[in-house]
$ cat my_file_39.pdb   # PDB, C-alpha atoms
ATOM      1  CA  MET A  29       0.914  10.704 -29.448  1.00  0.00           C
ATOM      2  CA  SER A  30       0.330  14.347 -28.494  1.00  0.00           C
ATOM      3  CA  THR A  31       2.605  16.146 -26.058  1.00  0.00           C
ATOM      4  CA  ASP A  32      -0.136  16.318 -23.406  1.00  0.00           C
ATOM      5  CA  ILE A  33      -0.834  12.592 -23.594  1.00  0.00           C
ATOM      6  CA  PHE A  34       2.896  11.829 -23.499  1.00  0.00           C
ATOM      7  CA  LYS A  35       3.374  13.937 -20.353  1.00  0.00           C
ATOM      8  CA  ARG A  36       0.368  12.282 -18.753  1.00  0.00           C
ATOM      9  CA  VAL A  37       1.447   8.697 -19.331  1.00  0.00           C
ATOM     10  CA  LEU A  38       5.216   9.192 -18.944  1.00  0.00           C
ATOM     11  CA  PRO A  39       5.376   8.554 -15.139  1.00  0.00           C
ATOM     12  CA  LEU A  40       3.412   5.320 -15.484  1.00  0.00           C
ATOM     13  CA  VAL A  41       5.528   4.239 -18.463  1.00  0.00           C
ATOM     14  CA  VAL A  42       8.681   4.794 -16.368  1.00  0.00           C
ATOM     15  CA  ILE A  43       7.234   2.715 -13.510  1.00  0.00           C
ATOM     16  CA  ILE A  44       6.220  -0.128 -15.834  1.00  0.00           C
ATOM     17  CA  SER A  45       9.617  -0.021 -17.550  1.00  0.00           C
ATOM     18  CA  LEU A  46      11.413  -0.307 -14.204  1.00  0.00           C
ATOM     19  CA  LEU A  47       9.190  -3.217 -13.225  1.00  0.00           C
ATOM     20  CA  ILE A  48       9.930  -5.020 -16.491  1.00  0.00           C
ATOM     21  CA  LEU A  49      13.648  -4.371 -16.018  1.00  0.00           C
ATOM     22  CA  ALA A  50      13.479  -5.782 -12.500  1.00  0.00           C
ATOM     23  CA  TRP A  51      11.855  -8.965 -13.810  1.00  0.00           C
ATOM     24  CA  ILE A  52      14.372  -9.267 -16.646  1.00  0.00           C
ATOM     25  CA  LEU A  53      17.227  -8.957 -14.141  1.00  0.00           C
ATOM     26  CA  ASP A  54      15.368 -11.430 -11.910  1.00  0.00           C
ATOM     27  CA  ILE A  55      15.755  -9.183  -8.873  1.00  0.00           C
ATOM     28  CA  THR A  56      13.363 -11.275  -6.810  1.00  0.00           C
ATOM     29  CA  SER A  57      15.691 -14.285  -7.028  1.00  0.00           C
ATOM     30  CA  PHE A  58      18.368 -12.306  -5.201  1.00  0.00           C
ATOM     31  CA  ILE A  59      16.016 -10.847  -2.615  1.00  0.00           C
ATOM     32  CA  ASN A  60      14.482 -13.795  -0.823  1.00  0.00           C
ATOM     33  CA  LEU A  61      14.190 -15.062   2.732  1.00  0.00           C
ATOM     34  CA  GLU A  62      17.229 -17.329   2.543  1.00  0.00           C
ATOM     35  CA  SER A  63      19.510 -14.624   1.148  1.00  0.00           C
ATOM     36  CA  LEU A  64      18.422 -12.160   3.835  1.00  0.00           C
ATOM     37  CA  LYS A  65      19.087 -14.731   6.541  1.00  0.00           C
ATOM     38  CA  LEU A  66      22.528 -15.515   5.144  1.00  0.00           C
ATOM     39  CA  GLN A  67      23.484 -11.844   4.929  1.00  0.00           C
ATOM     40  CA  ARG A  68      21.929 -10.675   8.188  1.00  0.00           C
ATOM     41  CA  GLU A  69      25.248 -10.308  10.017  1.00  0.00           C
ATOM     42  CA  ASN A  70      26.654  -8.208   7.179  1.00  0.00           C
ATOM     43  CA  PHE A  71      23.531  -6.049   7.244  1.00  0.00           C
ATOM     44  CA  ILE A  72      23.828  -5.493  10.988  1.00  0.00           C
ATOM     45  CA  ASP A  73      27.509  -4.608  10.650  1.00  0.00           C
ATOM     46  CA  HIS A  74      26.728  -2.058   7.948  1.00  0.00           C
ATOM     47  CA  VAL A  75      23.938  -0.471  10.010  1.00  0.00           C
ATOM     48  CA  THR A  76      26.230  -0.271  13.032  1.00  0.00           C
ATOM     49  CA  ARG A  77      28.950   1.483  11.009  1.00  0.00           C
ATOM     50  CA  TYR A  78      26.740   3.729   8.874  1.00  0.00           C
ATOM     51  CA  PRO A  79      23.364   4.108  10.621  1.00  0.00           C
ATOM     52  CA  ILE A  80      22.099   7.172   8.734  1.00  0.00           C
ATOM     53  CA  LEU A  81      23.315   5.985   5.331  1.00  0.00           C
ATOM     54  CA  SER A  82      21.823   2.548   5.982  1.00  0.00           C
ATOM     55  CA  ALA A  83      18.446   4.006   6.930  1.00  0.00           C
ATOM     56  CA  ALA A  84      18.448   6.266   3.870  1.00  0.00           C
ATOM     57  CA  GLY A  85      19.355   3.354   1.592  1.00  0.00           C
ATOM     58  CA  PHE A  86      16.660   1.156   3.123  1.00  0.00           C
ATOM     59  CA  ILE A  87      14.054   3.899   2.634  1.00  0.00           C
ATOM     60  CA  ALA A  88      15.066   4.421  -1.009  1.00  0.00           C
ATOM     61  CA  ILE A  89      14.899   0.691  -1.795  1.00  0.00           C
ATOM     62  CA  TYR A  90      11.543   0.319  -0.055  1.00  0.00           C
ATOM     63  CA  ILE A  91      10.049   3.330  -1.865  1.00  0.00           C
ATOM     64  CA  LEU A  92      11.211   2.033  -5.239  1.00  0.00           C
ATOM     65  CA  SER A  93       9.969  -1.507  -4.594  1.00  0.00           C
ATOM     66  CA  VAL A  94       6.497  -0.242  -3.662  1.00  0.00           C
ATOM     67  CA  ALA A  95       6.330   2.307  -6.481  1.00  0.00           C
ATOM     68  CA  ILE A  96       7.004  -0.362  -9.117  1.00  0.00           C
ATOM     69  CA  SER A  97       5.039  -3.046  -7.230  1.00  0.00           C
ATOM     70  CA  LEU A  98       7.835  -5.556  -6.693  1.00  0.00           C
ATOM     71  CA  PRO A  99       6.535  -8.449  -4.548  1.00  0.00           C
ATOM     72  CA  ILE A 100       9.201  -8.052  -1.867  1.00  0.00           C
ATOM     73  CA  ALA A 101       7.486  -5.694   0.588  1.00  0.00           C
ATOM     74  CA  THR A 102       7.026  -8.413   3.221  1.00  0.00           C
ATOM     75  CA  LEU A 103      10.700  -9.375   3.029  1.00  0.00           C
ATOM     76  CA  LEU A 104      11.808  -5.756   3.304  1.00  0.00           C
ATOM     77  CA  THR A 105       9.464  -5.231   6.246  1.00  0.00           C
ATOM     78  CA  LEU A 106      11.027  -8.192   8.057  1.00  0.00           C
ATOM     79  CA  LEU A 107      14.474  -6.842   7.237  1.00  0.00           C
ATOM     80  CA  GLY A 108      13.521  -3.385   8.496  1.00  0.00           C
ATOM     81  CA  GLY A 109      12.373  -4.820  11.811  1.00  0.00           C
ATOM     82  CA  PHE A 110      15.553  -6.861  12.083  1.00  0.00           C
ATOM     83  CA  LEU A 111      17.880  -3.949  11.308  1.00  0.00           C
ATOM     84  CA  PHE A 112      16.150  -1.052  13.039  1.00  0.00           C
ATOM     85  CA  GLY A 113      13.913  -2.650  15.672  1.00  0.00           C
ATOM     86  CA  ARG A 114      10.165  -2.758  15.981  1.00  0.00           C
ATOM     87  CA  TRP A 115       9.605   0.969  16.618  1.00  0.00           C
ATOM     88  CA  LEU A 116      12.089   2.716  14.332  1.00  0.00           C
ATOM     89  CA  GLY A 117      11.684  -0.050  11.768  1.00  0.00           C
ATOM     90  CA  THR A 118       7.915   0.426  11.710  1.00  0.00           C
ATOM     91  CA  LEU A 119       8.294   4.194  11.312  1.00  0.00           C
ATOM     92  CA  LEU A 120      10.777   3.912   8.439  1.00  0.00           C
ATOM     93  CA  ILE A 121       8.698   1.262   6.694  1.00  0.00           C
ATOM     94  CA  VAL A 122       5.392   3.122   7.027  1.00  0.00           C
ATOM     95  CA  ILE A 123       6.908   6.355   5.705  1.00  0.00           C
ATOM     96  CA  SER A 124       8.630   4.541   2.823  1.00  0.00           C
ATOM     97  CA  ALA A 125       5.569   2.498   1.872  1.00  0.00           C
ATOM     98  CA  THR A 126       3.340   5.573   1.965  1.00  0.00           C
ATOM     99  CA  ILE A 127       5.677   7.523  -0.315  1.00  0.00           C
ATOM    100  CA  GLY A 128       6.041   4.608  -2.747  1.00  0.00           C
ATOM    101  CA  ALA A 129       2.287   3.989  -2.806  1.00  0.00           C
ATOM    102  CA  THR A 130       1.616   7.690  -3.385  1.00  0.00           C
ATOM    103  CA  ILE A 131       4.016   7.786  -6.339  1.00  0.00           C
ATOM    104  CA  LEU A 132       2.188   4.878  -7.970  1.00  0.00           C
ATOM    105  CA  PHE A 133      -1.213   6.385  -7.139  1.00  0.00           C
ATOM    106  CA  LEU A 134      -0.340   9.743  -8.716  1.00  0.00           C
ATOM    107  CA  ALA A 135       1.123   8.112 -11.825  1.00  0.00           C
ATOM    108  CA  ALA A 136      -1.942   5.886 -12.286  1.00  0.00           C
ATOM    109  CA  ARG A 137      -4.390   8.722 -11.619  1.00  0.00           C
ATOM    110  CA  ARG A 138      -2.628  10.978 -14.111  1.00  0.00           C
ATOM    111  CA  ALA A 139      -2.322   8.348 -16.831  1.00  0.00           C
ATOM    112  CA  ILE A 140      -5.507   6.316 -16.463  1.00  0.00           C
ATOM    113  CA  GLY A 141      -7.975   8.090 -14.189  1.00  0.00           C
ATOM    114  CA  ASN A 142      -9.150  10.867 -16.490  1.00  0.00           C
ATOM    115  CA  SER A 143      -9.417   8.596 -19.544  1.00  0.00           C
ATOM    116  CA  LEU A 144     -11.395   6.008 -17.605  1.00  0.00           C
ATOM    117  CA  ARG A 145     -13.801   8.575 -16.231  1.00  0.00           C
ATOM    118  CA  GLU A 146     -14.396  10.040 -19.696  1.00  0.00           C
ATOM    119  CA  LYS A 147     -15.204   6.612 -21.163  1.00  0.00           C
ATOM    120  CA  ALA A 148     -16.957   5.189 -18.092  1.00  0.00           C
ATOM    121  CA  GLY A 149     -20.351   3.620 -18.284  1.00  0.00           C
ATOM    122  CA  PRO A 150     -23.350   4.142 -15.980  1.00  0.00           C
ATOM    123  CA  LEU A 151     -22.164   1.609 -13.365  1.00  0.00           C
ATOM    124  CA  TYR A 152     -18.873   3.442 -12.852  1.00  0.00           C
ATOM    125  CA  LYS A 153     -20.651   6.806 -12.707  1.00  0.00           C
ATOM    126  CA  LYS A 154     -22.923   5.405 -10.011  1.00  0.00           C
ATOM    127  CA  ILE A 155     -20.072   3.969  -7.928  1.00  0.00           C
ATOM    128  CA  GLU A 156     -17.537   6.786  -8.324  1.00  0.00           C
ATOM    129  CA  PRO A 157     -19.298   9.507  -6.244  1.00  0.00           C
ATOM    130  CA  ASN A 158     -19.872   7.041  -3.401  1.00  0.00           C
ATOM    131  CA  MET A 159     -16.200   6.003  -3.428  1.00  0.00           C
ATOM    132  CA  ARG A 160     -15.059   9.617  -3.523  1.00  0.00           C
ATOM    133  CA  HIS A 161     -17.357  10.883  -0.754  1.00  0.00           C
ATOM    134  CA  ASN A 162     -16.619   7.931   1.545  1.00  0.00           C
ATOM    135  CA  ALA A 163     -12.960   7.536   0.627  1.00  0.00           C
ATOM    136  CA  ILE A 164     -11.559   7.363   4.151  1.00  0.00           C
ATOM    137  CA  GLY A 165     -13.780   4.479   5.254  1.00  0.00           C
ATOM    138  CA  TYR A 166     -13.286   2.440   2.098  1.00  0.00           C
ATOM    139  CA  LEU A 167      -9.536   3.025   1.896  1.00  0.00           C
ATOM    140  CA  LEU A 168      -8.971   2.162   5.552  1.00  0.00           C
ATOM    141  CA  PHE A 169     -11.022  -0.995   5.070  1.00  0.00           C
ATOM    142  CA  MET A 170      -8.915  -2.062   2.086  1.00  0.00           C
ATOM    143  CA  ARG A 171      -5.643  -1.221   3.842  1.00  0.00           C
ATOM    144  CA  LEU A 172      -6.497  -3.087   7.041  1.00  0.00           C
ATOM    145  CA  VAL A 173      -8.112  -6.228   5.637  1.00  0.00           C
ATOM    146  CA  PRO A 174      -5.332  -8.602   4.471  1.00  0.00           C
ATOM    147  CA  LEU A 175      -7.411  -9.934   1.568  1.00  0.00           C
ATOM    148  CA  PHE A 176      -6.508  -7.043  -0.731  1.00  0.00           C
ATOM    149  CA  PRO A 177      -3.054  -6.997  -2.387  1.00  0.00           C
ATOM    150  CA  PHE A 178      -1.097  -3.863  -1.496  1.00  0.00           C
ATOM    151  CA  PHE A 179      -0.424  -2.869  -5.113  1.00  0.00           C
ATOM    152  CA  MET A 180      -4.124  -3.152  -5.979  1.00  0.00           C
ATOM    153  CA  VAL A 181      -5.103  -0.784  -3.160  1.00  0.00           C
ATOM    154  CA  ASN A 182      -2.478   1.642  -4.483  1.00  0.00           C
ATOM    155  CA  ILE A 183      -4.040   1.738  -7.954  1.00  0.00           C
ATOM    156  CA  VAL A 184      -7.812   1.335  -7.450  1.00  0.00           C
ATOM    157  CA  PRO A 185      -8.289   4.742  -5.720  1.00  0.00           C
ATOM    158  CA  ALA A 186      -6.660   6.418  -8.738  1.00  0.00           C
ATOM    159  CA  LEU A 187      -9.507   5.136 -10.907  1.00  0.00           C
ATOM    160  CA  PHE A 188     -12.115   6.823  -8.718  1.00  0.00           C
ATOM    161  CA  ASN A 189     -10.632  10.325  -8.480  1.00  0.00           C
ATOM    162  CA  ILE A 190      -9.843   9.979  -4.769  1.00  0.00           C
ATOM    163  CA  ARG A 191      -8.179  13.114  -3.412  1.00  0.00           C
ATOM    164  CA  LEU A 192      -4.519  12.964  -2.490  1.00  0.00           C
ATOM    165  CA  PHE A 193      -4.766  13.907   1.191  1.00  0.00           C
ATOM    166  CA  PRO A 194      -7.260  11.167   2.218  1.00  0.00           C
ATOM    167  CA  TYR A 195      -5.213   8.680   0.224  1.00  0.00           C
ATOM    168  CA  ILE A 196      -1.979   9.561   2.023  1.00  0.00           C
ATOM    169  CA  VAL A 197      -3.577   9.605   5.480  1.00  0.00           C
ATOM    170  CA  THR A 198      -5.418   6.304   5.081  1.00  0.00           C
ATOM    171  CA  THR A 199      -2.336   4.650   3.600  1.00  0.00           C
ATOM    172  CA  PHE A 200      -0.117   5.818   6.451  1.00  0.00           C
ATOM    173  CA  VAL A 201      -2.591   4.897   9.203  1.00  0.00           C
ATOM    174  CA  GLY A 202      -3.946   1.746   7.576  1.00  0.00           C
ATOM    175  CA  ILE A 203      -0.597   0.000   7.142  1.00  0.00           C
ATOM    176  CA  ILE A 204       0.674   0.657  10.669  1.00  0.00           C
ATOM    177  CA  PRO A 205      -0.847  -2.456  12.356  1.00  0.00           C
ATOM    178  CA  GLY A 206       0.391  -4.949   9.769  1.00  0.00           C
ATOM    179  CA  THR A 207       3.767  -3.253   9.493  1.00  0.00           C
ATOM    180  CA  PHE A 208       4.283  -3.338  13.250  1.00  0.00           C
ATOM    181  CA  VAL A 209       3.431  -7.047  13.427  1.00  0.00           C
ATOM    182  CA  TYR A 210       5.851  -7.994  10.644  1.00  0.00           C
ATOM    183  CA  ALA A 211       8.586  -5.646  11.854  1.00  0.00           C
ATOM    184  CA  ASN A 212       8.289  -7.194  15.304  1.00  0.00           C
ATOM    185  CA  VAL A 213       8.525 -10.702  13.825  1.00  0.00           C
ATOM    186  CA  GLY A 214      11.489  -9.559  11.752  1.00  0.00           C
ATOM    187  CA  ARG A 215      13.596  -9.100  14.884  1.00  0.00           C
ATOM    188  CA  GLU A 216      13.900 -12.905  14.877  1.00  0.00           C
ATOM    189  CA  LEU A 217      14.787 -13.055  11.189  1.00  0.00           C
ATOM    190  CA  GLY A 218      17.143 -16.003  11.619  1.00  0.00           C
ATOM    191  CA  THR A 219      14.392 -18.256  12.991  1.00  0.00           C
ATOM    192  CA  ILE A 220      11.810 -17.643  10.239  1.00  0.00           C
ATOM    193  CA  GLU A 221      11.420 -20.683   7.999  1.00  0.00           C
ATOM    194  CA  THR A 222       8.724 -19.566   5.559  1.00  0.00           C
ATOM    195  CA  LEU A 223       6.729 -16.408   4.841  1.00  0.00           C
ATOM    196  CA  THR A 224       3.439 -18.301   4.780  1.00  0.00           C
ATOM    197  CA  ASP A 225       3.647 -18.977   8.516  1.00  0.00           C
ATOM    198  CA  LEU A 226       4.215 -15.374   9.587  1.00  0.00           C
ATOM    199  CA  ALA A 227       0.649 -14.278  10.263  1.00  0.00           C
ATOM    200  CA  SER A 228      -1.538 -16.445  12.485  1.00  0.00           C
ATOM    201  CA  VAL A 229      -5.220 -16.931  11.843  1.00  0.00           C
ATOM    202  CA  GLU A 230      -5.948 -14.834  14.940  1.00  0.00           C
ATOM    203  CA  THR A 231      -3.866 -11.955  13.554  1.00  0.00           C
ATOM    204  CA  LEU A 232      -5.617 -12.062  10.181  1.00  0.00           C
ATOM    205  CA  ILE A 233      -9.017 -12.074  11.885  1.00  0.00           C
ATOM    206  CA  ALA A 234      -7.978  -9.137  14.069  1.00  0.00           C
ATOM    207  CA  PHE A 235      -6.928  -7.112  11.007  1.00  0.00           C
ATOM    208  CA  SER A 236     -10.180  -7.982   9.254  1.00  0.00           C
ATOM    209  CA  LEU A 237     -12.204  -6.819  12.259  1.00  0.00           C
ATOM    210  CA  LEU A 238     -10.265  -3.556  12.316  1.00  0.00           C
ATOM    211  CA  GLY A 239     -11.186  -3.078   8.674  1.00  0.00           C
ATOM    212  CA  VAL A 240     -14.859  -3.751   9.367  1.00  0.00           C
ATOM    213  CA  PHE A 241     -14.841  -1.287  12.266  1.00  0.00           C
ATOM    214  CA  ALA A 242     -13.266   1.334  10.010  1.00  0.00           C
ATOM    215  CA  LEU A 243     -16.137   0.847   7.569  1.00  0.00           C
ATOM    216  CA  ILE A 244     -18.940   1.200  10.154  1.00  0.00           C
ATOM    217  CA  PRO A 245     -19.197   5.048   9.982  1.00  0.00           C
ATOM    218  CA  THR A 246     -19.460   4.853   6.187  1.00  0.00           C
ATOM    219  CA  ILE A 247     -22.183   2.199   6.344  1.00  0.00           C
ATOM    220  CA  TYR A 248     -24.076   4.219   8.969  1.00  0.00           C
ATOM    221  CA  LYS A 249     -23.881   7.355   6.833  1.00  0.00           C
ATOM    222  CA  GLN A 250     -25.219   5.506   3.802  1.00  0.00           C
ATOM    223  CA  ILE A 251     -28.106   4.025   5.793  1.00  0.00           C
ATOM    224  CA  GLN A 252     -28.979   7.482   7.125  1.00  0.00           C
ATOM    225  CA  ALA A 253     -28.900   8.947   3.617  1.00  0.00           C
ATOM    226  CA  ARG A 254     -31.226   6.230   2.333  1.00  0.00           C
ATOM    227  CA  ASN A 255     -33.608   6.720   5.254  1.00  0.00           C
ATOM    228  CA  ASN A 256     -33.667  10.469   4.642  1.00  0.00           C
ATOM    229  CA  LEU A 257     -34.319   9.910   0.934  1.00  0.00           C
ATOM    230  CA  SER A 258     -37.088   7.466   1.766  1.00  0.00           C
ATOM    231  CA  SER A 259     -38.679   9.981   4.157  1.00  0.00           C
ATOM    232  CA  LEU A 260     -38.579  12.691   1.483  1.00  0.00           C
ATOM    233  CA  ASN A 261     -40.182  10.368  -1.052  1.00  0.00           C
ATOM    234  CA  LYS A 262     -43.014   9.587   1.384  1.00  0.00           C
ATOM    235  CA  LEU A 263     -43.622  13.291   1.916  1.00  0.00           C
ATOM    236  CA  ASP A 264     -43.890  13.790  -1.817  1.00  0.00           C
TER     237      ASP A 264
END

$ encode --input "my_file_39.pdb" --output "structure tokens"
Amino acid sequence: MSTDIFKRVLPLVVIISLLILAWILDITSFINLESLKLQRENFIDHVTRYPILSAAGFIAIYILSVAISLPIATLLTLLGGFLFGRWLGTLLIVISATIGATILFLAARRAIGNSLREKAGPLYKKIEPNMRHNAIGYLLFMRLVPLFPFFMVNIVPALFNIRLFPYIVTTFVGIIPGTFVYANVGRELGTIETLTDLASVETLIAFSLLGVFALIPTIYKQIQARNNLSSLNKLD
């Protein structure tokens, strides 16, 4: 492996290695709803005594969990709402999740993006410019609609050469509604019985509608472009 290739894939290798280590250590068995509920008084006591240190530790854990795609983001979001309240909790979570997602995005784009684009077939080359030019609409749609796994939305943009700034902005803005809902629910951490009951059907529909609304400008722009192209073809 050449030095350039090694440097390119190293960040992603580190992320994958940390994920494998987390699974080997069975981290997810220690971080579950029941354990958080049992330890909630200890958590509150620690936050009361060391508020800044607690917030910094929470941010670091959240960033790492998102960067290596551990499936504990919902639990940490509930915990953040419980420990820091709906407003501060939402802010800390959104910042942490955005940083973690950006780390994974940059690692994937550096390691995979260029190679994929070089070897891509005609279908990819047809889709890629559309994704890149309409990144904000598509990314907001994927962030808001609860059908798309968070880790998938972190990686897919890296495959389409999406610029960093739109990625960060859409990640930050797009996860605010869902984060606020779960952080608000997390204030009643002791009463939550199962994660599957957290989001009501009405909430999921509302998020989906937000995603559709975010996509409307992109759809309109594409329709206009096709109409303009059709008009030009008729003139010819």

$ closest_residue --input "my_file_39.pdb" --among "A:Ser124, A:Thr118, A:Thr246, A:Thr207" --to "Ala84 (chain A)" --atoms "all atoms listed in the file"
A:Ser124

$ atom_distance --input "my_file_39.pdb" --atom1 "CA of Leu40 (chain A)" --atom2 "CA of Ala135 (chain A)"
5.1 Å

$ closest_residue --input "my_file_39.pdb" --among "A:Phe112, A:Leu38, A:Ile87, A:Leu167" --to "His74 (chain A)" --atoms "only C-alpha atoms"
A:Phe112

$ atom_distance --input "my_file_39.pdb" --atom1 "CA of Ser63 (chain A)" --atom2 "CA of Met180 (chain A)"
27.2 Å

$ residues_near_point --input "my_file_39.pdb" --point "(-15.3, 11.4, 0.8)" --cutoff "12 Å" --atoms "all atoms listed in the file" --output "list in words"
Glu156, Pro157, Asn158, Met159, Arg160, His161, Asn162, Ala163, Ile164, Gly165, Tyr166, Leu167, Pro185, Phe188, Asn189, Ile190, Arg191, Leu192, Phe193, Pro194, Tyr195, Thr198, Pro245, Thr246, Lys249 and Gln250 of chain A

$ closest_residue --input "my_file_39.pdb" --among "A:Ser82, A:Asn212, A:Asn182, A:Thr105" --to "Thr199 (chain A)" --atoms "only C-alpha atoms"
A:Asn182

$ closest_residue --input "my_file_39.pdb" --among "A:Ala136, A:Ala83, A:Thr130, A:Ala88" --to "Val42 (chain A)" --atoms "all atoms listed in the file"
A:Ala136

$ closest_residue --input "my_file_39.pdb" --among "A:Leu119, A:Pro99, A:Glu69, A:Thr126" --to "Val197 (chain A)" --atoms "all atoms listed in the file"
A:Thr126

$ residues_around --input "my_file_39.pdb" --residues "Trp115 (chain A)" --least-positions-apart "4" --cutoff "12 Å" --atoms "only C-alpha atoms" --output "PyMOL selection string"
chain A and resi 108-111+119-122+204-205+207-212+214-215

$ closest_residue --input "my_file_39.pdb" --among "A:Ile72, A:Ala95, A:Leu61, A:Ile55" --to "Gly113 (chain A)" --atoms "only C-alpha atoms"
A:Ile72

$ closest_atom_pairs --input "my_file_39.pdb" --of "region 103-139 of chain A" --to "region 90-93 of chain A" --cutoff "7 Å" --atoms "all atoms listed in the file" --output "CSV"
residue,atom,partner,partner_atom,distance
A:Leu104,CA,A:Tyr90,CA,6.9
A:Ser124,CA,A:Ile91,CA,5.0
A:Ala125,CA,A:Ile91,CA,5.9
A:Ile127,CA,A:Ile91,CA,6.3
A:Gly128,CA,A:Ile91,CA,4.3

$ atom_distance --input "my_file_39.pdb" --atom1 "CA of Ser97 (chain A)" --atom2 "CA of Phe179 (chain A)"
5.9 Å

$ resolve_selection --input "my_file_39.pdb" --expression "the PyMOL selection byres ((chain A and resi 173) around 8)" --output "NGL selection string"
:A and (169-172 or 174-176 or 232 or 235-239)

$ residues_near_point --input "my_file_39.pdb" --point "(-2.3, 11.1, -14.0)" --cutoff "10 Å" --atoms "only C-alpha atoms" --output "count of residues only"
21
